[in-house]
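Enquirer: The file below is run34.txt, compact mmCIF, C-alpha atoms and all ligand atoms:
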```txt
# COMPACT_ATOMS: atom_id res chain seq x y z
CA MET A 4 0.41 40.21 17.13
CA PRO A 5 -0.70 36.82 15.66
CA ILE A 6 -3.20 37.53 12.88
CA VAL A 7 -5.15 34.39 12.04
CA GLY A 8 -7.36 33.89 8.97
CA PHE A 9 -10.68 32.35 10.00
CA PHE A 10 -13.13 30.36 7.88
CA SER A 11 -15.87 28.00 8.97
CA GLU A 12 -18.39 27.01 6.31
CA ASN A 13 -21.81 28.61 6.86
CA ALA A 14 -20.71 30.15 10.15
CA SER A 15 -21.78 33.58 11.34
CA ILE A 16 -19.46 36.41 12.40
CA GLU A 17 -20.62 35.62 15.95
CA LEU A 18 -18.84 32.26 15.79
CA GLN A 19 -15.61 33.99 14.76
CA LYS A 20 -16.01 36.38 17.70
CA GLU A 21 -16.67 33.47 20.07
CA TRP A 22 -13.47 31.75 18.91
CA GLU A 23 -11.47 34.96 19.21
CA LYS A 24 -12.72 35.49 22.76
CA ARG A 25 -11.86 31.89 23.71
CA LEU A 26 -8.39 32.05 22.11
CA GLN A 27 -7.58 35.38 23.78
CA ILE A 28 -7.98 33.71 27.20
CA HIS A 29 -4.80 31.79 26.32
CA CYS A 30 -3.03 34.45 24.21
CA SER A 31 -4.46 37.94 24.47
CA LEU A 32 -2.79 39.15 21.26
CA ILE A 33 -4.49 36.73 18.86
CA LYS A 34 -6.67 38.48 16.30
CA LEU A 35 -9.02 36.54 14.02
CA VAL A 36 -9.83 38.04 10.63
CA PRO A 37 -12.10 36.61 7.93
CA LEU A 38 -10.10 34.44 5.53
CA LEU A 39 -11.60 36.31 2.60
CA SER A 40 -10.65 39.77 3.92
CA LYS A 41 -7.66 41.90 2.82
CA GLU A 42 -6.24 41.69 6.35
CA ALA A 43 -5.88 37.90 5.99
CA GLU A 44 -2.97 38.57 3.62
CA GLN A 45 -0.84 39.21 6.72
CA ALA A 46 -1.90 36.00 8.46
CA GLN A 47 0.74 33.41 9.30
CA SER A 48 -1.84 30.87 10.36
CA ALA A 49 -5.44 30.03 9.51
CA LEU A 50 -8.21 28.33 11.47
CA LEU A 51 -10.38 26.42 9.03
CA TRP A 52 -13.47 24.29 8.46
CA LYS A 53 -14.16 23.41 4.81
CA PRO A 54 -12.32 26.47 3.46
CA PRO A 55 -12.27 27.67 -0.17
CA LEU A 56 -8.93 26.09 -1.07
CA ASP A 57 -8.12 28.57 -3.85
CA ARG A 58 -8.11 31.39 -1.29
CA LEU A 59 -5.34 29.65 0.66
CA LYS A 60 -3.09 29.82 -2.40
CA GLU A 61 -3.43 33.62 -2.41
CA LEU A 62 -2.26 34.02 1.19
CA LYS A 63 1.49 34.01 0.78
CA ASN A 64 2.38 34.51 4.47
CA LEU A 65 0.65 31.35 5.71
CA GLN A 66 2.96 29.05 7.63
CA GLY A 67 0.47 26.70 9.23
CA LEU A 68 -3.16 25.60 8.82
CA ILE A 69 -5.26 24.52 11.78
CA SER A 70 -8.36 22.37 11.32
CA LEU A 71 -11.41 23.35 13.35
CA GLY A 72 -12.11 19.62 13.70
CA GLN A 73 -10.27 16.37 14.36
CA GLY A 74 -10.41 15.49 10.66
CA VAL A 75 -8.27 17.28 8.05
CA ASP A 76 -9.65 15.83 4.81
CA HIS A 77 -11.47 19.14 4.14
CA ILE A 78 -8.07 20.86 3.87
CA LEU A 79 -6.21 18.09 2.05
CA LYS A 80 -9.04 17.56 -0.45
CA ASN A 81 -7.43 18.86 -3.65
CA ASN A 82 -3.85 18.07 -2.69
CA SER A 83 -3.20 21.79 -3.14
CA ILE A 84 -1.41 22.63 0.12
CA PRO A 85 2.41 22.71 -0.23
CA ILE A 86 4.07 19.93 1.76
CA ASN A 87 6.12 22.42 3.84
CA ILE A 88 2.96 23.99 5.36
CA PRO A 89 2.08 22.03 8.49
CA ILE A 90 -1.54 21.03 8.99
CA ILE A 91 -2.64 20.74 12.59
CA ARG A 92 -5.76 19.05 13.89
CA ILE A 93 -7.69 19.24 17.14
CA VAL A 94 -7.36 16.27 19.49
CA ASP A 95 -9.83 16.99 22.26
CA PRO A 96 -10.95 14.44 24.90
CA TYR A 97 -14.26 16.33 25.05
CA MET A 98 -14.92 15.44 21.40
CA ALA A 99 -13.92 11.83 21.92
CA LYS A 100 -16.39 11.54 24.81
CA SER A 101 -19.07 13.36 22.86
CA MET A 102 -18.61 10.91 19.97
CA SER A 103 -18.76 8.06 22.43
CA HIS A 104 -22.14 9.32 23.69
CA TRP A 105 -23.46 9.39 20.12
CA VAL A 106 -22.18 5.91 19.26
CA VAL A 107 -23.51 4.46 22.53
CA LEU A 108 -26.87 6.09 21.81
CA SER A 109 -26.91 4.61 18.30
CA VAL A 110 -25.84 1.15 19.49
CA LEU A 111 -28.41 1.07 22.28
CA ASN A 112 -31.19 2.28 19.97
CA PHE A 113 -30.38 -0.69 17.74
CA VAL A 114 -30.04 -3.22 20.54
CA ARG A 115 -33.22 -2.09 22.37
CA ASP A 116 -35.20 -1.49 19.14
CA THR A 117 -36.09 2.06 20.17
CA TYR A 118 -37.68 2.97 16.84
CA GLY A 119 -39.83 -0.19 16.85
CA TYR A 120 -41.17 0.85 20.26
CA PHE A 121 -41.69 4.45 19.06
CA ASP A 122 -43.84 3.09 16.20
CA GLN A 123 -45.83 0.92 18.63
CA GLU A 124 -46.37 3.91 20.91
CA LYS A 125 -47.91 5.87 18.01
CA ASN A 126 -50.46 3.02 17.66
CA LYS A 127 -50.96 2.57 21.43
CA LEU A 128 -49.59 -0.96 21.09
CA TYR A 129 -48.43 -2.26 24.50
CA LYS A 130 -46.32 -5.28 23.54
CA SER A 131 -42.77 -6.52 24.03
CA ARG A 132 -40.55 -6.90 20.98
CA LYS A 133 -37.73 -9.33 20.28
CA GLU A 134 -34.76 -8.41 22.48
CA LEU A 135 -31.15 -8.96 21.44
CA ASN A 136 -28.81 -10.59 23.96
CA PHE A 137 -26.10 -7.95 24.37
CA LEU A 138 -23.65 -10.49 25.83
CA SER A 139 -23.42 -12.23 22.48
CA LEU A 140 -23.16 -9.08 20.34
CA LYS A 141 -19.79 -8.15 18.89
CA ILE A 142 -19.07 -4.55 17.99
CA GLY A 143 -16.32 -3.69 15.51
CA ILE A 144 -14.71 -0.27 15.77
CA TYR A 145 -12.92 0.70 12.55
CA GLY A 146 -10.29 3.24 13.66
CA VAL A 147 -9.21 3.07 17.28
CA GLY A 148 -7.37 6.39 17.46
CA ALA A 149 -8.05 9.41 19.67
CA ILE A 150 -11.82 8.95 19.26
CA GLY A 151 -12.29 5.26 18.47
CA SER A 152 -10.25 4.06 21.46
CA VAL A 153 -12.52 5.98 23.86
CA VAL A 154 -15.65 4.69 22.12
CA ALA A 155 -14.31 1.12 22.24
CA LYS A 156 -13.58 1.30 25.98
CA ASP A 157 -16.98 2.81 26.79
CA LEU A 158 -18.81 0.10 24.83
CA TYR A 159 -16.73 -2.59 26.54
CA ASN A 160 -17.64 -1.09 29.93
CA LEU A 161 -21.31 -1.41 28.94
CA GLY A 162 -20.85 -5.15 28.60
CA PHE A 163 -20.31 -5.55 24.86
CA GLN A 164 -17.59 -7.59 23.18
CA VAL A 165 -15.50 -5.09 21.22
CA GLU A 166 -13.07 -5.61 18.34
CA GLY A 167 -10.85 -2.76 17.13
CA TRP A 168 -9.08 -2.16 13.82
CA SER A 169 -6.22 0.21 13.09
CA ARG A 170 -3.25 0.60 10.76
CA THR A 171 -0.62 -0.07 13.43
CA LYS A 172 -0.64 -2.42 16.42
CA LYS A 173 -2.63 -1.30 19.48
CA GLU A 174 -3.18 -2.61 22.97
CA ILE A 175 -6.38 -1.43 24.62
CA GLU A 176 -7.53 -3.16 27.78
CA GLY A 177 -10.58 -5.34 27.16
CA ILE A 178 -10.55 -4.76 23.40
CA ASN A 179 -9.57 -7.41 20.89
CA CYS A 180 -7.34 -5.34 18.61
CA HIS A 181 -6.48 -6.15 14.98
CA TYR A 182 -4.30 -4.17 12.64
CA GLY A 183 -3.32 -4.02 9.01
CA LYS A 184 -5.19 -4.27 5.72
CA ASP A 185 -6.04 -7.97 5.78
CA CYS A 186 -7.20 -8.12 9.39
CA ILE A 187 -10.20 -5.94 8.64
CA GLU A 188 -11.87 -9.25 7.70
CA GLU A 189 -11.89 -10.26 11.39
CA LEU A 190 -14.30 -7.42 12.08
CA ILE A 191 -16.26 -7.52 8.84
CA LYS A 192 -17.12 -11.22 9.16
CA ASN A 193 -17.53 -11.61 12.91
CA CYS A 194 -19.17 -8.44 14.20
CA ASP A 195 -22.87 -7.69 14.52
CA ILE A 196 -22.48 -3.93 14.80
CA HIS A 197 -19.94 -2.03 12.69
CA VAL A 198 -18.82 1.46 13.71
CA CYS A 199 -16.67 3.50 11.31
CA LEU A 200 -14.50 6.14 12.99
CA LEU A 201 -11.74 6.26 10.38
CA PRO A 202 -10.14 9.37 8.88
CA LEU A 203 -10.71 9.83 5.15
CA THR A 204 -7.57 8.95 3.18
CA PRO A 205 -6.95 7.27 -0.17
CA LEU A 206 -6.81 3.92 1.70
CA THR A 207 -10.12 4.38 3.51
CA THR A 208 -12.09 5.86 0.58
CA ASN A 209 -14.98 3.51 -0.43
CA ILE A 210 -13.84 0.97 2.17
CA PHE A 211 -17.48 0.04 2.87
CA ASN A 212 -18.75 -1.24 -0.46
CA LYS A 213 -20.71 -4.09 -2.08
CA GLN A 214 -17.98 -6.61 -1.20
CA THR A 215 -17.55 -5.56 2.43
CA PHE A 216 -21.31 -5.38 3.08
CA ALA A 217 -21.76 -8.83 1.50
CA LYS A 218 -19.24 -10.33 3.95
CA MET A 219 -21.03 -8.88 7.00
CA LYS A 220 -23.44 -11.09 8.95
CA SER A 221 -27.04 -10.87 7.81
CA GLY A 222 -28.94 -8.41 9.99
CA SER A 223 -25.85 -6.34 10.85
CA CYS A 224 -26.07 -2.76 12.04
CA PHE A 225 -23.79 -0.19 10.32
CA ILE A 226 -22.87 3.10 11.98
CA ASN A 227 -20.79 5.79 10.26
CA ALA A 228 -19.38 8.91 11.90
CA GLY A 229 -16.05 8.81 10.02
CA ARG A 230 -16.57 10.40 6.61
CA GLY A 231 -19.19 9.90 3.89
CA ASN A 232 -16.68 9.01 1.18
CA GLN A 233 -15.77 5.86 3.08
CA VAL A 234 -19.13 4.39 2.04
CA VAL A 235 -20.42 3.54 -1.44
CA GLU A 236 -23.87 4.91 -0.75
CA ASN A 237 -25.77 2.94 -3.41
CA ASP A 238 -24.26 -0.30 -2.09
CA LEU A 239 -25.45 0.58 1.41
CA ILE A 240 -28.94 1.38 0.12
CA GLU A 241 -29.13 -1.97 -1.70
CA ASN A 242 -28.09 -3.82 1.46
CA CYS A 243 -30.60 -1.88 3.59
CA ASN A 244 -33.34 -2.60 1.04
CA SER A 245 -32.67 -6.33 1.15
CA GLY A 246 -32.46 -6.29 4.97
CA HIS A 247 -28.92 -7.72 4.89
CA ILE A 248 -28.01 -4.55 6.78
CA SER A 249 -30.93 -4.27 9.15
CA SER A 250 -30.15 -0.77 10.37
CA ALA A 251 -27.77 2.03 9.37
CA ILE A 252 -27.14 5.11 11.48
CA LEU A 253 -25.28 7.80 9.57
CA ASP A 254 -23.80 11.15 10.53
CA VAL A 255 -21.64 11.86 7.46
CA TYR A 256 -22.29 11.78 3.70
CA ARG A 257 -20.50 12.06 0.37
CA ASN A 258 -22.33 15.35 -0.22
CA GLU A 259 -23.04 17.54 2.77
CA PRO A 260 -25.59 18.84 3.50
CA LEU A 261 -27.34 15.65 2.39
CA PRO A 262 -29.40 16.67 -0.69
CA LYS A 263 -33.18 16.75 -0.14
CA ASN A 264 -33.71 14.19 -2.92
CA HIS A 265 -31.21 11.68 -1.53
CA GLU A 266 -32.59 8.16 -1.04
CA PHE A 267 -31.25 7.95 2.52
CA TRP A 268 -34.08 10.23 3.65
CA GLU A 269 -36.71 7.76 2.37
CA GLN A 270 -35.13 4.56 3.67
CA LYS A 271 -37.03 3.18 6.66
CA ASN A 272 -34.01 1.48 8.23
CA ILE A 273 -31.55 4.37 7.75
CA ARG A 274 -31.32 7.12 10.33
CA VAL A 275 -29.92 10.43 9.13
CA TRP A 276 -28.01 12.77 11.45
CA PRO A 277 -26.61 16.09 10.13
CA HIS A 278 -22.88 15.70 10.94
CA VAL A 279 -23.23 16.47 14.63
CA ALA A 280 -21.94 13.28 16.29
CA ALA A 281 -19.06 15.18 17.90
CA GLU A 282 -18.97 18.92 17.39
CA THR A 283 -15.94 21.07 18.15
CA ASN A 284 -16.27 22.81 21.50
CA PRO A 285 -14.49 26.21 21.54
CA GLN A 286 -14.33 26.12 25.33
CA THR A 287 -12.33 22.88 25.49
CA ALA A 288 -10.38 23.20 22.22
CA ALA A 289 -9.20 26.83 22.49
CA LYS A 290 -6.08 26.18 24.58
CA GLN A 291 -4.47 23.76 22.10
CA ILE A 292 -5.39 25.99 19.15
CA ALA A 293 -3.87 29.08 20.82
CA ASN A 294 -0.76 27.02 21.46
CA ALA A 295 -0.63 25.92 17.81
CA ILE A 296 -0.92 29.56 16.68
CA LYS A 297 1.93 30.56 19.00
CA CYS A 298 4.11 27.67 17.75
CA ILE A 299 3.53 28.69 14.13
CA GLU A 300 4.52 32.29 14.94
CA LYS A 301 7.76 31.01 16.49
CA GLY A 302 8.49 28.70 13.57
CA GLU A 303 7.98 25.58 15.73
CA LEU A 304 6.04 22.48 14.71
CA PRO A 305 2.84 22.37 16.83
CA PRO A 306 1.60 19.19 18.57
CA ASN A 307 -0.99 17.23 16.53
CA THR A 308 0.59 18.16 13.22
CA ILE A 309 -0.61 15.49 10.81
CA ASP A 310 1.63 13.17 8.82
CA ARG A 311 1.24 14.34 5.23
CA ASN A 312 2.26 10.96 3.85
CA LEU A 313 -0.56 9.23 5.76
CA GLY A 314 -3.10 12.01 5.26
CA TYR A 315 -4.25 12.06 8.91
P1 LIG B 1 -6.98 9.42 14.77
O1 LIG B 1 -6.64 9.65 16.19
O2 LIG B 1 -5.99 9.79 13.72
O3 LIG B 1 -7.38 7.88 14.62
C1 LIG B 1 -7.60 7.31 13.37
C2 LIG B 1 -7.61 5.80 13.52
O4 LIG B 1 -7.86 5.23 12.22
C3 LIG B 1 -6.28 5.25 13.99
O5 LIG B 1 -6.48 4.16 14.84
C4 LIG B 1 -5.62 4.80 12.69
O6 LIG B 1 -4.67 3.76 12.86
C5 LIG B 1 -6.83 4.29 11.95
N1 LIG B 1 -6.57 4.23 10.51
C6 LIG B 1 -6.28 5.24 9.65
N2 LIG B 1 -6.06 4.76 8.41
C7 LIG B 1 -6.20 3.43 8.49
C8 LIG B 1 -6.09 2.37 7.56
N3 LIG B 1 -5.77 2.61 6.28
N4 LIG B 1 -6.28 1.12 7.99
C9 LIG B 1 -6.59 0.87 9.27
N5 LIG B 1 -6.71 1.82 10.23
C10 LIG B 1 -6.53 3.08 9.83
O7 LIG B 1 -8.33 10.18 14.38
P2 LIG B 1 -9.53 10.60 15.36
O8 LIG B 1 -9.20 11.86 16.03
O9 LIG B 1 -9.89 9.41 16.18
O10 LIG B 1 -10.68 10.91 14.30
C11 LIG B 1 -11.06 9.96 13.33
C12 LIG B 1 -12.03 10.57 12.34
O11 LIG B 1 -13.31 10.76 12.94
C13 LIG B 1 -11.69 11.97 11.83
O12 LIG B 1 -10.66 11.94 10.84
C14 LIG B 1 -13.02 12.41 11.24
O13 LIG B 1 -13.14 11.94 9.92
C15 LIG B 1 -14.04 11.69 12.14
N6 LIG B 1 -14.75 12.62 13.03
C16 LIG B 1 -16.09 12.77 12.84
C17 LIG B 1 -16.82 13.59 13.67
C18 LIG B 1 -18.31 13.72 13.50
O14 LIG B 1 -18.92 14.57 14.15
N7 LIG B 1 -18.93 12.91 12.67
C19 LIG B 1 -16.18 14.30 14.69
C20 LIG B 1 -14.80 14.14 14.85
C21 LIG B 1 -14.09 13.30 14.00
P3 LIG B 1 -3.25 4.06 13.59
O15 LIG B 1 -3.60 4.46 15.00
O16 LIG B 1 -2.53 2.78 13.54
O17 LIG B 1 -2.62 5.19 12.85
C1 LIG B 2 -15.71 16.54 12.50
O1 LIG B 2 -16.22 15.93 11.62
C2 LIG B 2 -14.34 16.57 12.80
O2 LIG B 2 -13.53 16.12 11.97
O3 LIG B 2 -13.98 17.11 13.87
```
Show the structure stored in the file as structure tokens.
Expert:
Amino acid sequence: MPIVGFFSENASIELQKEWEKRLQIHCSLIKLVPLLSKEAEQAQSALLWKPPLDRLKELKNLQGLISLGQGVDHILKNNSIPINIPIIRIVDPYMAKSMSHWVVLSVLNFVRDTYGYFDQEKNKLYKSRKELNFLSLKIGIYGVGAIGSVVAKDLYNLGFQVEGWSRTKKEIEGINCHYGKDCIEELIKNCDIHVCLLPLTPLTTNIFNKQTFAKMKSGSCFINAGRGNQVVENDLIENCNSGHISSAILDVYRNEPLPKNHEFWEQKNIRVWPHVAAETNPQTAAKQIANAIKCIEKGELPPNTIDRNLGY
């Protein structure tokens, strides 16, 4: 019987039961046990969101770690997982579409000045505001992988010009794709709206900083649903204060939950979302996770095992 250690930060026992029920549809023998319980010592695999990494070291039977999200930085954080333990991530079209909805919402709120109209409504002000011409707006998508490629295509289908950036060469219909370290400049300098959907790795840490913001067009919109550590937060605040970045829509932060005294909360042109842009859906993700658990039991490498050298 596959015993699986389960940990999801701040989650209730009900969530564990929900996952177990969903996983058992695909493999009736799977049993989830709390990662911190004695029973977890028998577990060959673990299903994790922001786990206590020291606990993983104590579980000597673990042969594979499965992320409860598409990102794995929460497991790789301290570099403490032995290289021979595969780390598997979710790749779920539901999540990609859900992220696309959030990015489209954020882009359209910027383009149609939703919050300006909300303010007018509060004052019963019936007046048109300056409208941006969407045909001339360029949107840069940083990271056109499982999620970013879907977001890019959806924005293109809404009539925007879309530029994509990745590590390796990509061809996506309708999208002007760039790749490699130096070509990030094509997006930074030429886009009006910047959308970060990158995984957090040593190469993407602090990638949006004083220098990158300075090269963006004045009045740019910055959207981040990748990871908080990709942004130097004080540099973003300075650029929002000066109006160089006219609007920032954020879903992820260096410290989560975002501390109550963080300046982002006070900034008029920064919108704060609590890391919900694309949440994992047990209903759609269970099948691939059950399959990963079965592969680990059999000593096989599951699909969507990350490349440890790349960190994603
Ligand atoms: P993915 O399929 O691995 O795609 C990552 C993309 O980033 C790829 O196009 C990759 O290029 C590119 N990339 C990585 N490192 C790069 C570098 N150094 N330079 C240029 N491009 C680089 O990942 P995904 O499933 O789309 O997820 C991306 C991230 O979204 C996750 O890691 C997570 O941080 C975030 N996320 C957030 C939420 C939320 O609710 N806020 C939800 C889900 C995911 P190649 O294709 O060439 O490798
Ligand atoms: C969420 O942030 C994820 O990585 O799935």
Enquirer: Please report, as JSON lines, each residue of chain A lying at most 7 Å from ligand LIG 2 (chain B), together with the nearest pair of atoms and the separation in Å rounded to one decimal; use all atoms listed in the file, and order rows by chain and ascending residue number.
Expert:
```
{"residue": "A:Leu71", "atom": "CA", "partner": "B:LIG2", "partner_atom": "O3", "distance": 6.8}
{"residue": "A:Gly72", "atom": "CA", "partner": "B:LIG2", "partner_atom": "O3", "distance": 3.1}
{"residue": "A:Gln73", "atom": "CA", "partner": "B:LIG2", "partner_atom": "O3", "distance": 3.8}
{"residue": "A:Gly74", "atom": "CA", "partner": "B:LIG2", "partner_atom": "O2", "distance": 3.4}
{"residue": "A:Val75", "atom": "CA", "partner": "B:LIG2", "partner_atom": "O2", "distance": 6.7}
{"residue": "A:His278", "atom": "CA", "partner": "B:LIG2", "partner_atom": "O1", "distance": 6.7}
{"residue": "A:Ala281", "atom": "CA", "partner": "B:LIG2", "partner_atom": "C1", "distance": 6.5}
{"residue": "A:Glu282", "atom": "CA", "partner": "B:LIG2", "partner_atom": "C1", "distance": 6.3}
{"residue": "A:Thr283", "atom": "CA", "partner": "B:LIG2", "partner_atom": "O3", "distance": 6.2}
```
Enquirer: Quick one: contact table of chain A to ligand LIG 1 (chain B), 7 Å max, nearest atom pair and distance in Å to one decimal per residue, counting all atoms listed in the file, chain and number order, as a Markdown table?
Expert:
```
| residue | atom | partner | partner_atom | distance |
| --- | --- | --- | --- | --- |
| A:Gly72 | CA | B:LIG1 | C20 | 6.2 |
| A:Gln73 | CA | B:LIG1 | C21 | 4.9 |
| A:Gly74 | CA | B:LIG1 | O12 | 3.6 |
| A:Val75 | CA | B:LIG1 | O12 | 6.5 |
| A:Val94 | CA | B:LIG1 | O8 | 5.9 |
| A:Met98 | CA | B:LIG1 | C20 | 6.7 |
| A:Met102 | CA | B:LIG1 | C19 | 6.7 |
| A:Tyr145 | CA | B:LIG1 | N5 | 6.7 |
| A:Gly146 | CA | B:LIG1 | O4 | 3.5 |
| A:Val147 | CA | B:LIG1 | O5 | 3.8 |
| A:Gly148 | CA | B:LIG1 | O3 | 3.2 |
| A:Ala149 | CA | B:LIG1 | O1 | 3.8 |
| A:Ile150 | CA | B:LIG1 | O9 | 3.7 |
| A:Gly151 | CA | B:LIG1 | O9 | 5.3 |
| A:Trp168 | CA | B:LIG1 | N5 | 5.9 |
| A:Ser169 | CA | B:LIG1 | N5 | 3.3 |
| A:Arg170 | CA | B:LIG1 | O16 | 3.6 |
| A:Thr171 | CA | B:LIG1 | O16 | 3.4 |
| A:Lys172 | CA | B:LIG1 | O16 | 6.2 |
| A:Tyr182 | CA | B:LIG1 | C9 | 6.5 |
| A:Gly183 | CA | B:LIG1 | C9 | 5.9 |
| A:Lys184 | CA | B:LIG1 | N4 | 5.9 |
| A:Leu200 | CA | B:LIG1 | O11 | 4.8 |
| A:Leu201 | CA | B:LIG1 | O4 | 4.4 |
| A:Pro202 | CA | B:LIG1 | O12 | 3.3 |
| A:Leu203 | CA | B:LIG1 | O13 | 5.8 |
| A:Thr204 | CA | B:LIG1 | N2 | 6.9 |
| A:Leu206 | CA | B:LIG1 | N3 | 4.9 |
| A:Thr207 | CA | B:LIG1 | N3 | 5.5 |
| A:Ala228 | CA | B:LIG1 | N7 | 4.1 |
| A:Gly229 | CA | B:LIG1 | C15 | 4.1 |
| A:Arg230 | CA | B:LIG1 | O13 | 5.0 |
| A:Asp254 | CA | B:LIG1 | N7 | 5.6 |
| A:Val255 | CA | B:LIG1 | N7 | 6.0 |
| A:His278 | CA | B:LIG1 | N7 | 5.1 |
| A:Val279 | CA | B:LIG1 | O14 | 4.7 |
| A:Ala280 | CA | B:LIG1 | O14 | 3.9 |
| A:Ala281 | CA | B:LIG1 | O14 | 3.8 |
| A:Glu282 | CA | B:LIG1 | O14 | 5.4 |
| A:Tyr315 | CA | B:LIG1 | O2 | 5.6 |
```
Enquirer: For the point (-16.6, 24.7, -1.8) in the file's frame, write as a PyMOL selection string all residues with an atom no more than 12 Å away, counting only C-alpha atoms.
Expert: chain A and resi 10-13+52-58+77-78+80-81+258-260
Enquirer: Measuring between all atoms listed in the file, which one of A:Gln66, A:Cys194, A:Ser31, A:Phe137 shows the shortest distance to Ile88 of chain A?
Expert: A:Gln66
Enquirer: Could you tell me which of A:Ile210, A:Leu128, A:Ile226, A:Leu190 comes closest to Asp238 of chain A if we count all atoms listed in the file?
Expert: A:Ile210
Enquirer: Taking all atoms listed in the file into account, which of A:Pro305, A:Lys127, A:Cys243, A:Ala293 comes nearest Lys213 of chain A?
Expert: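 When distances to Lys213 of chain A are compared using all atoms listed in the file, the smallest one comes from A:Cys243.
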Enquirer: Taking (-21.2, -2.0, 12.8) in the coordinates of the supplied file, I want to know which residues reach to within 10 Å of it, counting all atoms listed in the file; could you give the answer as a short mmCIF file (atom, residue, chain, number, x, y, z; two decimals) with C-alpha atoms, in the coordinates of the input?
Expert:
```cif
data_model
loop_
_atom_site.label_atom_id
_atom_site.label_comp_id
_atom_site.auth_asym_id
_atom_site.auth_seq_id
_atom_site.Cartn_x
_atom_site.Cartn_y
_atom_site.Cartn_z
CA VAL A 110 -25.84 1.15 19.49
CA LYS A 141 -19.79 -8.15 18.89
CA ILE A 142 -19.07 -4.55 17.99
CA GLY A 143 -16.32 -3.69 15.51
CA ILE A 144 -14.71 -0.27 15.77
CA TYR A 145 -12.92 0.70 12.55
CA LEU A 190 -14.30 -7.42 12.08
CA ILE A 191 -16.26 -7.52 8.84
CA CYS A 194 -19.17 -8.44 14.20
CA ASP A 195 -22.87 -7.69 14.52
CA ILE A 196 -22.48 -3.93 14.80
CA HIS A 197 -19.94 -2.03 12.69
CA VAL A 198 -18.82 1.46 13.71
CA CYS A 199 -16.67 3.50 11.31
CA MET A 219 -21.03 -8.88 7.00
CA SER A 223 -25.85 -6.34 10.85
CA CYS A 224 -26.07 -2.76 12.04
CA PHE A 225 -23.79 -0.19 10.32
CA ILE A 226 -22.87 3.10 11.98
CA ASN A 227 -20.79 5.79 10.26
CA ILE A 248 -28.01 -4.55 6.78
CA SER A 250 -30.15 -0.77 10.37
CA ALA A 251 -27.77 2.03 9.37
CA ILE A 252 -27.14 5.11 11.48
#
```
Enquirer: Go ahead and compute the interatomic distance for atom CA of Tyr159 of chain A and atom CA of Gly177 of chain A, in Å to one decimal.
Expert: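 Between atom CA of Tyr159 of chain A and atom CA of Gly177 of chain A the gap works out to 6.8 Å.
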Enquirer: Could you please determine the separation between atom CA of Lys100 of chain A and atom CA of Glu134 of chain A in Å, to one decimal place?
Expert: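 Spanning atom CA of Lys100 of chain A to atom CA of Glu134 of chain A is a straight-line distance of 27.2 Å.
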